[in-house]
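These notes concern the structure reproduced below.
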Amino acid sequence: KYPSGGGDVLMGSVVTRDEALHRRILLTHMRLGFGVSAGDTETLLRALPSIALRYHAQDQAARQLARWCAQQPAFAQVLHPALTGSPGHAHWQQVCGAADALGGGAAAGLFSVMVHERYSQAQVDAFCDGLRLFRLGYSWGGPISLVVPYDLAAIRAHGWPAHLARGTVVRFSTGLEAVADLQADLAQAMARALG
């Protein structure tokens with residue numbers, strides 16, 4: 001989604017060294033017609049020259065917002081790979097940490113918060129609905145910041161430990177708006193919906 005610059009093109013590739021799997025993929029492609037449209041390709045090629053600038057800006061904004069969210073009592077946990085103590089941080093540090101010290105190693109513009117259990121799903125929904133700059137949406141990588149709440153009990157009803165299936169996770173995709181404006185937006189929505 002990041003390469004297109006608009007969060008509106010999903011594109012990728014499948015690569016394998018397994019000849020039998022290659023044939024199955026080729027037959028699937030032939031029968032279903034999976035392919036990339038010329039319009040999507042044009043959109044992607046037009047946006048690629050600015051991907052490093054956009055990705056860096058969104059990564060830095062997400063880190064700042066994630067650190068700020070970590071200080072808010074309404075949130076029990078902040079999930080962002082670059083934050084110490086976040087699940088997956090050690091793996092991210094191993095894979096991206098050396099690059100991070102050199103100015104690379106971005107972690108993207110996505111982060112999530114685990115809303116404290118004392119808040120109901122209705123309160124969390126009111127928080128998300130009360131955001132003015134973050135719009136409700138499932139995409140990411142575009143210029144507009146997005147938010148979506150996830151009810152863990154509904155998602156993890158089967159096969160997950162009970163302590164991991166409580167509460168609500170709210171996922172944020174940071175766009176290209178000013179970080180101070182996004183932080184103010186989070187603060188006003190929290191004050192109204194989460195007290």
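Chains: A, B, ... in order of the structure tokens. Residues: from 1 per chain. Ligands: from 1, in order shown.
Near A:Arg46, within 10 Å and counting only C-alpha atoms, sit A:Pro3, A:Ser4, A:Gly5, A:Asp40, A:Thr41; same-chain residues fewer than 5 positions away were not included.
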Output the selection as a short mmCIF file (atom, residue, chain, number, x, y, z; two decimals), in the first residue's frame - N, CA, C and O atoms for each residue.
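Okay, out.cif is ready:
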data_model
loop_
_atom_site.label_atom_id
_atom_site.label_comp_id
_atom_site.auth_asym_id
_atom_site.auth_seq_id
_atom_site.Cartn_x
_atom_site.Cartn_y
_atom_site.Cartn_z
N PRO A 3 3.74 1.94 -1.54
CA PRO A 3 4.29 2.38 -2.83
C PRO A 3 3.35 3.26 -3.65
O PRO A 3 3.79 4.15 -4.34
N SER A 4 2.03 3.04 -3.55
CA SER A 4 1.10 3.82 -4.37
C SER A 4 0.93 5.24 -3.86
O SER A 4 0.53 6.12 -4.62
N GLY A 5 1.18 5.47 -2.59
CA GLY A 5 1.04 6.79 -2.02
C GLY A 5 -0.38 7.16 -1.65
O GLY A 5 -0.62 8.19 -1.02
N ASP A 40 -3.21 0.55 -12.17
CA ASP A 40 -2.50 0.35 -10.90
C ASP A 40 -1.00 0.50 -11.08
O ASP A 40 -0.31 1.07 -10.25
N THR A 41 -0.50 -0.04 -12.18
CA THR A 41 0.93 0.06 -12.47
C THR A 41 1.34 1.52 -12.65
O THR A 41 2.36 1.97 -12.11
#
Do a neighbour search on A:Gln64 at 12 Å with only C-alpha atoms, toss out local chain neighbours closer than 6 positions, and write the hits as a short mmCIF file (atom, residue, chain, number, x, y, z; two decimals) with all heavy atoms, in the first residue's frame.
data_model
loop_
_atom_site.label_atom_id
_atom_site.label_comp_id
_atom_site.auth_asym_id
_atom_site.auth_seq_id
_atom_site.Cartn_x
_atom_site.Cartn_y
_atom_site.Cartn_z
N ALA A 57 8.44 10.02 6.87
CA ALA A 57 7.57 10.94 7.59
C ALA A 57 6.51 10.18 8.38
O ALA A 57 6.23 10.51 9.54
CB ALA A 57 6.91 11.91 6.60
N GLN A 58 5.91 9.16 7.77
CA GLN A 58 4.88 8.39 8.47
C GLN A 58 5.47 7.58 9.60
O GLN A 58 4.87 7.46 10.67
CB GLN A 58 4.13 7.52 7.46
CG GLN A 58 3.25 8.38 6.55
CD GLN A 58 2.70 7.62 5.37
OE1 GLN A 58 3.45 6.99 4.62
NE2 GLN A 58 1.39 7.68 5.18
N ALA A 70 1.71 5.92 24.88
CA ALA A 70 2.23 5.09 25.97
C ALA A 70 2.13 5.80 27.31
O ALA A 70 2.15 5.15 28.36
CB ALA A 70 3.66 4.67 25.68
N GLN A 71 2.01 7.11 27.31
CA GLN A 71 1.90 7.88 28.54
C GLN A 71 0.45 8.13 28.96
O GLN A 71 0.21 8.73 30.01
CB GLN A 71 2.61 9.23 28.37
CG GLN A 71 4.08 9.09 28.08
CD GLN A 71 4.71 10.42 27.71
OE1 GLN A 71 4.09 11.47 27.74
NE2 GLN A 71 5.99 10.37 27.35
N VAL A 78 0.85 -0.08 24.30
CA VAL A 78 1.02 0.44 22.94
C VAL A 78 1.84 -0.58 22.16
O VAL A 78 2.87 -1.06 22.64
CB VAL A 78 1.73 1.82 22.94
CG1 VAL A 78 1.97 2.29 21.52
CG2 VAL A 78 0.91 2.83 23.72
N HIS A 80 3.98 -1.14 19.04
CA HIS A 80 4.78 -0.57 17.95
C HIS A 80 6.15 -1.21 18.04
O HIS A 80 6.80 -1.16 19.09
CB HIS A 80 4.88 0.95 18.08
CG HIS A 80 5.53 1.60 16.90
ND1 HIS A 80 6.89 1.55 16.68
CD2 HIS A 80 5.01 2.29 15.86
CE1 HIS A 80 7.17 2.20 15.56
NE2 HIS A 80 6.05 2.66 15.05
N ALA A 82 9.14 -0.52 17.30
CA ALA A 82 10.31 0.26 17.68
C ALA A 82 10.30 0.67 19.15
O ALA A 82 11.30 1.19 19.65
CB ALA A 82 10.42 1.51 16.80
N LEU A 83 9.20 0.41 19.86
CA LEU A 83 9.12 0.76 21.27
C LEU A 83 9.60 -0.38 22.15
O LEU A 83 9.12 -1.51 22.03
CB LEU A 83 7.69 1.12 21.67
CG LEU A 83 7.07 2.35 21.05
CD1 LEU A 83 5.68 2.58 21.63
CD2 LEU A 83 7.94 3.57 21.24
N GLY A 109 4.18 3.40 9.44
CA GLY A 109 3.29 4.35 10.09
C GLY A 109 2.17 3.70 10.86
O GLY A 109 1.22 4.37 11.25
N LEU A 110 2.25 2.40 11.08
CA LEU A 110 1.19 1.69 11.81
C LEU A 110 1.58 1.49 13.27
O LEU A 110 2.72 1.18 13.58
CB LEU A 110 0.96 0.30 11.20
CG LEU A 110 0.45 0.25 9.78
CD1 LEU A 110 0.41 -1.19 9.30
CD2 LEU A 110 -0.91 0.88 9.67
N PHE A 111 0.62 1.66 14.15
CA PHE A 111 0.77 1.26 15.54
C PHE A 111 -0.61 1.02 16.11
O PHE A 111 -1.62 1.44 15.54
CB PHE A 111 1.55 2.30 16.37
CG PHE A 111 0.80 3.57 16.66
CD1 PHE A 111 0.14 3.75 17.87
CD2 PHE A 111 0.76 4.60 15.73
CE1 PHE A 111 -0.54 4.92 18.13
CE2 PHE A 111 0.09 5.78 15.98
CZ PHE A 111 -0.58 5.94 17.19
N THR A 174 -0.83 6.16 10.42
CA THR A 174 -0.46 7.57 10.42
C THR A 174 -0.26 8.05 8.99
O THR A 174 0.49 7.45 8.23
CB THR A 174 0.83 7.78 11.23
OG1 THR A 174 0.65 7.17 12.50
CG2 THR A 174 1.12 9.24 11.41
N ALA A 178 0.21 16.94 10.21
CA ALA A 178 1.16 17.37 11.24
C ALA A 178 0.96 16.54 12.50
O ALA A 178 -0.19 16.33 12.93
CB ALA A 178 0.97 18.85 11.54
N VAL A 179 2.04 16.10 13.10
CA VAL A 179 1.97 15.25 14.29
C VAL A 179 1.25 15.96 15.43
O VAL A 179 0.44 15.36 16.14
CB VAL A 179 3.38 14.80 14.73
CG1 VAL A 179 3.32 13.98 16.01
CG2 VAL A 179 4.05 14.00 13.64
N ALA A 180 1.52 17.24 15.62
CA ALA A 180 0.86 18.00 16.69
C ALA A 180 -0.66 18.01 16.50
O ALA A 180 -1.41 17.90 17.48
CB ALA A 180 1.40 19.43 16.74
N LEU A 182 -2.43 15.66 14.91
CA LEU A 182 -2.90 14.30 15.18
C LEU A 182 -2.96 14.03 16.68
O LEU A 182 -3.91 13.43 17.18
CB LEU A 182 -2.01 13.28 14.48
CG LEU A 182 -2.05 13.29 12.95
CD1 LEU A 182 -0.99 12.34 12.38
CD2 LEU A 182 -3.43 12.93 12.43
N GLN A 183 -1.94 14.48 17.40
CA GLN A 183 -1.92 14.29 18.85
C GLN A 183 -3.07 15.05 19.50
O GLN A 183 -3.74 14.52 20.40
CB GLN A 183 -0.58 14.77 19.42
CG GLN A 183 -0.44 14.52 20.90
CD GLN A 183 0.94 14.92 21.39
OE1 GLN A 183 1.95 14.59 20.76
NE2 GLN A 183 0.99 15.62 22.50
#
Which parts of stretch 7-172 of chain A does DSSP call helix (DSSP H, G or I) when run on the backbone here, written out as JSON, numbers by chain?
{"A": [19, 20, 21, 22, 23, 24, 25, 26, 27, 28, 29, 30, 31, 32, 38, 39, 40, 41, 42, 43, 44, 45, 46, 47, 48, 49, 50, 51, 52, 53, 54, 55, 56, 57, 58, 59, 60, 61, 62, 63, 64, 65, 66, 67, 68, 69, 89, 90, 91, 92, 93, 94, 95, 96, 97, 98, 99, 100, 101, 121, 122, 123, 124, 125, 126, 127, 128, 129, 130, 152, 153, 154, 155, 162, 163, 164]}
Residue set, chain A restricted to strand (DSSP E or B), as a list of chain:residue names
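Across chain A, those assigned strand (DSSP E or B) are A:Phe75, A:Ala76, A:Gln77, A:Val78, A:Leu79, A:Leu110, A:Phe111, A:Ser112, A:Val113, A:Met114, A:Val115, A:Arg135, A:Leu136, A:Leu146, A:Val147, A:Val148, A:Pro149, A:Tyr150, A:Asp151, A:Thr168, A:Val169, A:Val170, A:Arg171, A:Phe172, A:Ser173.
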From the set A:Leu27, A:Ala106, A:Ala126, A:Val14, which residue has the shortest atom-to-atom contact distance to A:Leu53, counting only C-alpha atoms?
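Going through A:Leu27, A:Ala106, A:Ala126, A:Val14 one by one, the smallest distance to A:Leu53 is for A:Ala106.
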Near stretch 131-138 of chain A, within 7 Å and counting only C-alpha atoms, which residues show up once chain neighbours fewer than 5 positions away are dropped, as a PyMOL selection string?
chain A and resi 145-148+182+185-186+189
Taking only C-alpha atoms into account, which of A:Gln72, A:Arg67, A:Phe127, A:Arg23 comes nearest A:Thr84?
A:Arg67
Do a neighbour search on A:Tyr150 at 7 Å with only C-alpha atoms, toss out local chain neighbours closer than 2 positions, and write the hits as a CSV table (one decimal) with all heavy atoms, in the first residue's frame.
chain,number,residue,atom,x,y,z
A,148,VAL,N,-9.1,2.1,13.2
A,148,VAL,CA,-10.1,1.0,13.2
A,148,VAL,C,-10.0,0.3,14.6
A,148,VAL,O,-8.9,-0.1,15.0
A,148,VAL,CB,-9.9,0.1,12.0
A,148,VAL,CG1,-8.6,-0.7,12.1
A,148,VAL,CG2,-11.1,-0.8,11.9
A,152,LEU,N,-11.2,-7.9,20.5
A,152,LEU,CA,-10.4,-9.1,20.5
A,152,LEU,C,-11.2,-10.3,20.9
A,152,LEU,O,-10.9,-11.4,20.4
A,152,LEU,CB,-9.3,-8.9,21.6
A,152,LEU,CG,-8.2,-7.8,21.2
A,152,LEU,CD1,-7.2,-7.8,22.3
A,152,LEU,CD2,-7.6,-8.2,19.9
A,168,THR,N,-10.0,-4.2,23.8
A,168,THR,CA,-10.1,-3.7,22.5
A,168,THR,C,-8.8,-3.1,22.0
A,168,THR,O,-8.1,-2.3,22.7
A,168,THR,CB,-11.2,-2.6,22.4
A,168,THR,OG1,-12.4,-3.1,22.9
A,168,THR,CG2,-11.4,-2.1,21.0
A,169,VAL,N,-8.4,-3.5,20.8
A,169,VAL,CA,-7.2,-2.9,20.2
A,169,VAL,C,-7.7,-1.9,19.2
A,169,VAL,O,-8.7,-2.1,18.4
A,169,VAL,CB,-6.4,-4.0,19.5
A,169,VAL,CG1,-5.3,-3.4,18.6
A,169,VAL,CG2,-5.7,-4.9,20.5
A,170,VAL,N,-7.1,-0.8,19.2
A,170,VAL,CA,-7.3,0.3,18.2
A,170,VAL,C,-6.1,0.4,17.3
A,170,VAL,O,-5.0,0.7,17.9
A,170,VAL,CB,-7.8,1.6,18.8
A,170,VAL,CG1,-8.0,2.7,17.8
A,170,VAL,CG2,-9.0,1.4,19.7
Among listed residues A:Met190, A:Ile25, A:Ala66, A:Ile144, nearest A:Asp8 (using only C-alpha atoms)
A:Ile144
How far is it from atom CA of A:Gln121 to atom CA of A:Gln188, in Å with one decimal?
18.3 Å
Nearest to A:Glu42 by atom-to-atom distance, counting only C-alpha atoms, from A:Val95, A:Ala20, A:Ala187, A:Val9:
A:Val9
Could you list, as a PyMOL selection string, every residue within 10 Å of A:Leu48, counting only C-alpha atoms and ignoring same-chain residues fewer than 3 positions away?
chain A and resi 2-5+43-45+51-52+54
Just write the chosen residues, N, CA, C and O atoms, as a PDB file, in the first residue's frame.
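New file result_36.pdb:
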ATOM      1  N   TYR A   2       2.006   1.251   0.685  1.00  0.00           N
ATOM      2  CA  TYR A   2       2.859   2.443   0.708  1.00  0.00           C
ATOM      3  C   TYR A   2       3.347   2.864  -0.676  1.00  0.00           C
ATOM      4  O   TYR A   2       3.394   4.057  -0.965  1.00  0.00           O
ATOM      5  N   PRO A   3       3.741   1.935  -1.542  1.00  0.00           N
ATOM      6  CA  PRO A   3       4.291   2.377  -2.832  1.00  0.00           C
ATOM      7  C   PRO A   3       3.347   3.259  -3.650  1.00  0.00           C
ATOM      8  O   PRO A   3       3.788   4.154  -4.344  1.00  0.00           O
ATOM      9  N   SER A   4       2.029   3.042  -3.549  1.00  0.00           N
ATOM     10  CA  SER A   4       1.103   3.822  -4.369  1.00  0.00           C
ATOM     11  C   SER A   4       0.928   5.243  -3.864  1.00  0.00           C
ATOM     12  O   SER A   4       0.527   6.121  -4.619  1.00  0.00           O
ATOM     13  N   GLY A   5       1.182   5.469  -2.586  1.00  0.00           N
ATOM     14  CA  GLY A   5       1.036   6.794  -2.017  1.00  0.00           C
ATOM     15  C   GLY A   5      -0.380   7.158  -1.645  1.00  0.00           C
ATOM     16  O   GLY A   5      -0.620   8.186  -1.023  1.00  0.00           O
ATOM     17  N   THR A  43      -0.176   4.185 -11.419  1.00  0.00           N
ATOM     18  CA  THR A  43      -0.261   4.830 -10.108  1.00  0.00           C
ATOM     19  C   THR A  43       0.976   4.542  -9.276  1.00  0.00           C
ATOM     20  O   THR A  43       1.553   5.431  -8.655  1.00  0.00           O
ATOM     21  N   LEU A  44       1.378   3.290  -9.285  1.00  0.00           N
ATOM     22  CA  LEU A  44       2.549   2.882  -8.511  1.00  0.00           C
ATOM     23  C   LEU A  44       3.822   3.542  -9.036  1.00  0.00           C
ATOM     24  O   LEU A  44       4.608   4.093  -8.261  1.00  0.00           O
ATOM     25  N   LEU A  45       4.021   3.514 -10.327  1.00  0.00           N
ATOM     26  CA  LEU A  45       5.234   4.101 -10.901  1.00  0.00           C
ATOM     27  C   LEU A  45       5.303   5.610 -10.671  1.00  0.00           C
ATOM     28  O   LEU A  45       6.380   6.163 -10.453  1.00  0.00           O
ATOM     29  N   ILE A  51       8.416   7.667  -2.324  1.00  0.00           N
ATOM     30  CA  ILE A  51       8.130   6.683  -1.275  1.00  0.00           C
ATOM     31  C   ILE A  51       9.050   6.839  -0.058  1.00  0.00           C
ATOM     32  O   ILE A  51       8.592   6.749   1.073  1.00  0.00           O
ATOM     33  N   ALA A  52      10.322   7.103  -0.264  1.00  0.00           N
ATOM     34  CA  ALA A  52      11.239   7.219   0.877  1.00  0.00           C
ATOM     35  C   ALA A  52      10.852   8.396   1.766  1.00  0.00           C
ATOM     36  O   ALA A  52      10.846   8.273   3.002  1.00  0.00           O
ATOM     37  N   ARG A  54       7.808   9.832   2.047  1.00  0.00           N
ATOM     38  CA  ARG A  54       6.526   9.548   2.693  1.00  0.00           C
ATOM     39  C   ARG A  54       6.681   8.521   3.806  1.00  0.00           C
ATOM     40  O   ARG A  54       6.158   8.698   4.909  1.00  0.00           O
TER      41      ARG A  54
END
Please indicate the distance in Å from atom CA of A:Phe34 to atom CA of A:Thr16, rounded to one decimal place.
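If I compute the distance from atom CA of A:Phe34 to atom CA of A:Thr16, I get 16.9 Å.
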